[in-house]
$ cat target38.txt   # compact mmCIF, C-alpha atoms
# COMPACT_ATOMS: atom_id res chain seq x y z
CA MET A 2 -53.19 -3.90 -6.70
CA ILE A 3 -51.66 -1.50 -4.17
CA THR A 4 -50.38 1.74 -5.67
CA ASP A 5 -48.12 4.48 -4.36
CA SER A 6 -49.79 7.59 -5.73
CA PHE A 7 -48.58 11.19 -5.87
CA LYS A 8 -50.94 11.82 -2.97
CA HIS A 9 -49.29 9.11 -0.87
CA LYS A 10 -45.83 10.45 -1.71
CA GLY A 11 -46.91 13.95 -0.72
CA LEU A 12 -48.33 12.71 2.58
CA ARG A 13 -45.09 10.84 3.19
CA ARG A 14 -43.04 14.00 2.66
CA GLN A 15 -45.30 15.77 5.16
CA MET A 16 -44.68 12.92 7.61
CA ILE A 17 -40.91 13.35 7.17
CA ASP A 18 -41.20 17.10 7.84
CA TYR A 19 -43.17 16.28 11.00
CA LEU A 20 -40.53 13.77 12.14
CA ARG A 21 -37.89 16.49 11.90
CA THR A 22 -39.92 18.56 14.37
CA LYS A 23 -39.94 15.55 16.71
CA GLY A 24 -36.15 15.49 16.87
CA ILE A 25 -35.30 12.96 14.18
CA THR A 26 -32.02 14.23 12.73
CA ASP A 27 -30.54 11.11 11.10
CA GLU A 28 -31.02 11.83 7.41
CA ARG A 29 -30.57 8.16 6.53
CA VAL A 30 -33.54 7.26 8.73
CA LEU A 31 -35.65 10.01 7.18
CA GLN A 32 -34.66 8.98 3.65
CA ALA A 33 -35.51 5.33 4.30
CA MET A 34 -38.90 6.23 5.76
CA ASN A 35 -39.59 8.47 2.78
CA GLU A 36 -38.94 5.49 0.49
CA VAL A 37 -41.14 2.95 2.30
CA PRO A 38 -44.90 3.31 1.59
CA ARG A 39 -46.45 2.81 5.03
CA HIS A 40 -49.94 2.43 3.58
CA PHE A 41 -48.85 -0.86 1.95
CA PHE A 42 -48.67 -2.38 5.43
CA LEU A 43 -52.22 -1.47 6.44
CA ASP A 44 -55.72 -2.52 5.52
CA SER A 45 -57.03 -0.35 2.69
CA SER A 46 -59.70 1.04 5.03
CA LEU A 47 -56.88 2.74 7.00
CA ASP A 48 -55.24 4.26 3.94
CA VAL A 49 -56.26 7.81 4.87
CA LEU A 50 -54.58 7.42 8.29
CA ALA A 51 -51.35 5.80 7.10
CA TYR A 52 -49.15 8.89 7.36
CA GLN A 53 -50.52 10.26 10.61
CA ASP A 54 -48.31 9.83 13.67
CA ARG A 55 -50.36 7.11 15.28
CA ALA A 56 -50.20 3.37 15.92
CA LEU A 57 -52.75 1.41 13.88
CA SER A 58 -54.25 -2.06 14.04
CA ILE A 59 -52.90 -4.91 11.93
CA LEU A 60 -53.53 -8.67 11.91
CA CYS A 61 -53.54 -10.85 15.07
CA GLU A 62 -54.61 -7.96 17.35
CA GLN A 63 -51.19 -6.37 16.93
CA THR A 64 -50.25 -2.83 15.88
CA ILE A 65 -47.92 -1.02 13.52
CA SER A 66 -45.96 1.50 15.61
CA GLN A 67 -46.47 5.18 14.99
CA PRO A 68 -43.91 6.67 12.58
CA SER A 69 -42.19 8.76 15.25
CA THR A 70 -41.53 5.62 17.32
CA VAL A 71 -40.15 3.73 14.31
CA ALA A 72 -37.91 6.68 13.50
CA PHE A 73 -36.79 7.11 17.12
CA GLN A 74 -35.88 3.44 17.63
CA THR A 75 -34.06 3.33 14.30
CA GLN A 76 -32.12 6.51 15.06
CA LEU A 77 -31.05 5.12 18.44
CA LEU A 78 -29.59 2.06 16.70
CA ASN A 79 -27.22 4.20 14.58
CA ILE A 80 -27.54 1.79 11.66
CA GLN A 81 -24.52 1.49 9.39
CA GLU A 82 -24.42 -0.14 5.96
CA ASP A 83 -24.04 -3.93 6.24
CA ASP A 84 -24.85 -3.97 9.95
CA LYS A 85 -26.18 -7.40 10.92
CA VAL A 86 -29.48 -6.58 12.65
CA LEU A 87 -31.84 -8.85 14.57
CA GLU A 88 -35.44 -7.62 14.72
CA ILE A 89 -37.68 -9.16 17.37
CA GLY A 90 -41.27 -8.89 16.13
CA THR A 91 -41.62 -8.58 12.35
CA GLY A 92 -45.23 -7.44 12.76
CA SER A 93 -46.45 -5.70 9.61
CA GLY A 94 -42.91 -5.65 8.20
CA TYR A 95 -42.72 -1.85 8.06
CA GLN A 96 -39.80 -1.46 10.47
CA THR A 97 -38.04 -4.32 8.66
CA CYS A 98 -38.26 -2.50 5.32
CA VAL A 99 -36.94 0.73 6.82
CA LEU A 100 -33.88 -1.19 8.07
CA CYS A 101 -33.45 -2.87 4.67
CA LYS A 102 -33.61 0.50 2.90
CA MET A 103 -30.72 1.58 5.15
CA LYS A 104 -28.76 -1.37 3.70
CA ALA A 105 -28.65 -3.37 6.91
CA LYS A 106 -28.59 -7.17 6.78
CA VAL A 107 -31.83 -7.89 8.61
CA TYR A 108 -32.83 -11.07 10.41
CA THR A 109 -36.43 -10.79 11.58
CA ILE A 110 -38.52 -13.17 13.68
CA GLU A 111 -42.30 -13.28 14.19
CA ARG A 112 -44.44 -15.57 16.35
CA TYR A 113 -47.77 -15.01 14.55
CA LYS A 114 -47.96 -17.03 11.34
CA PRO A 115 -50.43 -14.71 9.51
CA LEU A 116 -48.11 -11.75 10.13
CA HIS A 117 -45.06 -13.78 9.13
CA ASN A 118 -46.73 -14.75 5.84
CA SER A 119 -48.20 -11.32 5.09
CA ALA A 120 -44.90 -9.54 5.71
CA GLN A 121 -43.02 -11.84 3.34
CA GLU A 122 -45.44 -11.01 0.54
CA LEU A 123 -44.81 -7.30 1.09
CA PHE A 124 -41.04 -7.79 1.22
CA SER A 125 -41.21 -9.42 -2.19
CA LEU A 126 -43.39 -6.62 -3.55
CA LEU A 127 -41.04 -3.92 -2.24
CA LYS A 128 -37.88 -5.80 -3.21
CA CYS A 129 -36.61 -6.03 0.36
CA ARG A 130 -34.67 -9.15 1.26
CA PRO A 131 -34.56 -9.75 5.00
CA LYS A 132 -34.07 -13.26 6.37
CA CYS A 133 -37.46 -14.16 7.88
CA PHE A 134 -38.11 -16.63 10.68
CA PHE A 135 -41.28 -17.93 12.33
CA GLY A 136 -40.70 -18.61 16.01
CA ASP A 137 -40.17 -17.28 19.52
CA GLY A 138 -38.51 -13.88 19.40
CA TYR A 139 -37.78 -14.07 23.11
CA LEU A 140 -35.10 -16.64 22.27
CA GLY A 141 -33.63 -14.64 19.41
CA LEU A 142 -31.62 -16.46 16.74
CA PRO A 143 -28.57 -17.90 18.53
CA TYR A 144 -27.48 -19.89 15.45
CA TYR A 145 -26.99 -16.63 13.51
CA ALA A 146 -25.49 -14.62 16.39
CA PRO A 147 -23.63 -12.43 17.12
CA PHE A 148 -25.42 -9.34 15.82
CA ASP A 149 -24.23 -5.75 15.47
CA LYS A 150 -27.65 -4.43 16.47
CA ILE A 151 -30.87 -5.81 17.97
CA ILE A 152 -34.21 -4.01 17.85
CA VAL A 153 -37.20 -5.18 19.88
CA THR A 154 -40.57 -3.91 18.66
CA CYS A 155 -42.68 -5.17 21.58
CA GLY A 156 -42.65 -4.42 25.29
CA ALA A 157 -40.51 -6.74 27.44
CA GLU A 158 -41.16 -6.98 31.19
CA LYS A 159 -37.40 -7.25 31.76
CA LEU A 160 -34.24 -7.28 29.71
CA PRO A 161 -33.97 -10.69 28.02
CA GLU A 162 -30.56 -12.07 28.97
CA VAL A 163 -30.56 -14.46 26.01
CA LEU A 164 -30.76 -11.51 23.58
CA LEU A 165 -28.00 -9.59 25.34
CA GLN A 166 -25.70 -12.55 24.82
CA GLN A 167 -26.40 -12.48 21.08
CA LEU A 168 -24.85 -9.00 20.72
CA LYS A 169 -21.33 -8.44 19.46
CA VAL A 170 -18.98 -6.54 21.74
CA GLY A 171 -19.63 -2.92 20.77
CA GLY A 172 -23.12 -3.82 19.59
CA MET A 173 -26.36 -2.16 20.68
CA MET A 174 -29.88 -3.26 21.50
CA VAL A 175 -32.86 -0.90 21.54
CA ILE A 176 -35.73 -2.29 23.58
CA PRO A 177 -38.84 -1.00 25.41
CA VAL A 178 -38.96 -2.44 28.95
CA GLY A 179 -41.88 -2.41 31.37
CA SER A 180 -45.23 -4.07 32.03
CA ASP A 181 -47.87 -1.44 31.27
CA THR A 182 -45.91 1.56 30.03
CA GLN A 183 -42.38 0.87 28.80
CA THR A 184 -39.15 2.83 29.06
CA MET A 185 -37.05 2.81 25.90
CA TYR A 186 -33.52 1.61 26.58
CA ARG A 187 -30.40 1.46 24.49
CA ILE A 188 -28.05 -1.23 25.77
CA THR A 189 -24.42 -1.18 24.58
CA LYS A 190 -22.25 -4.25 25.08
CA THR A 191 -18.88 -2.89 26.14
CA ASP A 192 -17.22 -6.27 26.73
CA GLU A 193 -18.33 -9.89 27.02
CA ASN A 194 -19.96 -9.39 30.40
CA THR A 195 -20.52 -5.63 30.68
CA PHE A 196 -23.42 -3.56 29.38
CA GLU A 197 -24.17 0.16 29.52
CA GLN A 198 -27.80 1.32 29.73
CA GLU A 199 -29.32 4.59 28.51
CA ALA A 200 -33.00 5.48 29.03
CA PHE A 201 -34.99 7.54 26.51
CA GLY A 202 -38.49 8.13 27.87
CA ASP A 203 -41.78 6.26 28.03
CA PHE A 204 -43.63 4.44 25.26
CA LYS A 205 -46.53 2.04 24.81
CA PHE A 206 -46.05 -1.27 22.98
CA VAL A 207 -47.90 -4.55 22.68
CA PRO A 208 -46.38 -7.07 25.11
CA MET A 209 -43.51 -9.39 24.29
CA LEU A 210 -44.83 -12.91 24.78
CA GLN A 211 -42.76 -15.64 26.40
CA GLU A 212 -44.58 -18.88 25.69
CA LYS A 213 -44.19 -21.92 23.48
CA LYS A 214 -47.52 -21.69 21.71
CA PHE A 215 -47.41 -19.93 18.35
CA ARG A 216 -50.35 -18.78 16.28

$ encode --input "target38.txt" --output "structure tokens"
Amino acid sequence: MITDSFKHKGLRRQMIDYLRTKGITDERVLQAMNEVPRHFFLDSSLDVLAYQDRALSILCEQTISQPSTVAFQTQLLNIQEDDKVLEIGTGSGYQTCVLCKMKAKVYTIERYKPLHNSAQELFSLLKCRPKCFFGDGYLGLPYYAPFDKIIVTCGAEKLPEVLLQQLKVGGMMVIPVGSDTQTMYRITKTDENTFEQEAFGDFKFVPMLQEKKFR
């Protein structure tokens, strides 16, 4: 049985204080991250590291992003209550829960079956209710489009045109783009065929896979 002890809550408050020093000013983001127990999403052997600002290993040779990256991407999205959000790469489910705590309507897709299954168990435990899909995130979820916001939690070699088309006019996508090191971009759809790009520095993500084989 996983517990959220006073120690964990104290470490989480310290993490929030640290995120403020890193330029996270959106109080809704900070509040959501203070509510979500990050250690639930990690192997118990990593419990002591859960609230440090570092990426950590999870199933399927993937990683859970460091808290400052989760906070930064979420802040860039400017999440509003009832925003319809597509998340590419459920991973551990941590980012998903942060979005749910901000009262977004989250649609999340994962290509690794063990991660897909594990995340759903945690969502149930934490009383988060995203719509979960197992499949190719590169293709998005055209049946459920358009979306107010799209967040990509893996590194894409180029901007996926198919995802851009799933944005509402006025919607935003936050995505790391690049092969080895990625640049974080916020793409705003200003009309049906026009997009504005803003760049926000370099990051390191696991690669976004474009293939038909799932695991």

$ closest_residue --input "target38.txt" --among "A:Glu197, A:Asp149, A:Asp203, A:Glu162" --to "Thr182 (chain A)" --atoms "all atoms listed in the file"
A:Asp203

$ closest_residue --input "target38.txt" --among "A:Phe7, A:Phe124, A:Phe134, A:Phe196" --to "Cys98 (chain A)" --atoms "all atoms listed in the file"
A:Phe124

$ closest_residue --input "target38.txt" --among "A:Thr91, A:Ser66, A:Thr191, A:Gln96" --to "Lys114 (chain A)" --atoms "only C-alpha atoms"
A:Thr91

$ closest_atom_pairs --input "target38.txt" --of "region 73-164 of chain A" --to "region 35-51 of chain A" --cutoff "9 Å" --atoms "only C-alpha atoms" --output "CSV"
residue,atom,partner,partner_atom,distance
A:Ser93,CA,A:Phe42,CA,5.8
A:Gly94,CA,A:Phe42,CA,7.2
A:Tyr95,CA,A:Phe42,CA,6.5
A:Cys98,CA,A:Val37,CA,6.9
A:Val99,CA,A:Val37,CA,6.6
A:Lys102,CA,A:Glu36,CA,7.7
A:Ser119,CA,A:Phe42,CA,9.0
A:Ala120,CA,A:Phe42,CA,8.1
A:Leu123,CA,A:Phe42,CA,7.6
A:Leu127,CA,A:Val37,CA,8.2

$ closest_atom_pairs --input "target38.txt" --of "region 102-128 of chain A" --to "region 23-34 of chain A" --cutoff "12 Å" --atoms "only C-alpha atoms" --output "CSV"
residue,atom,partner,partner_atom,distance
A:Lys102,CA,A:Ala33,CA,5.4
A:Met103,CA,A:Ala33,CA,6.1
A:Lys104,CA,A:Ala33,CA,9.5
A:Ala105,CA,A:Ala33,CA,11.4

$ residues_around --input "target38.txt" --residues "Ile110 (chain A)" --least-positions-apart "3" --cutoff "10 Å" --atoms "all atoms listed in the file" --output "count of residues only"
20

$ axis_aligned_box --input "target38.txt" --around "region 170-187 of chain A" --padding-each-side "5 Å" --output "JSON"
{"center_x": -33.4, "center_y": -1.9, "center_z": 25.8, "size_x": 38.9, "size_y": 19.4, "size_z": 22.4}

$ atom_distance --input "target38.txt" --atom1 "CA of Leu60 (chain A)" --atom2 "CA of Val207 (chain A)"
12.8 Å
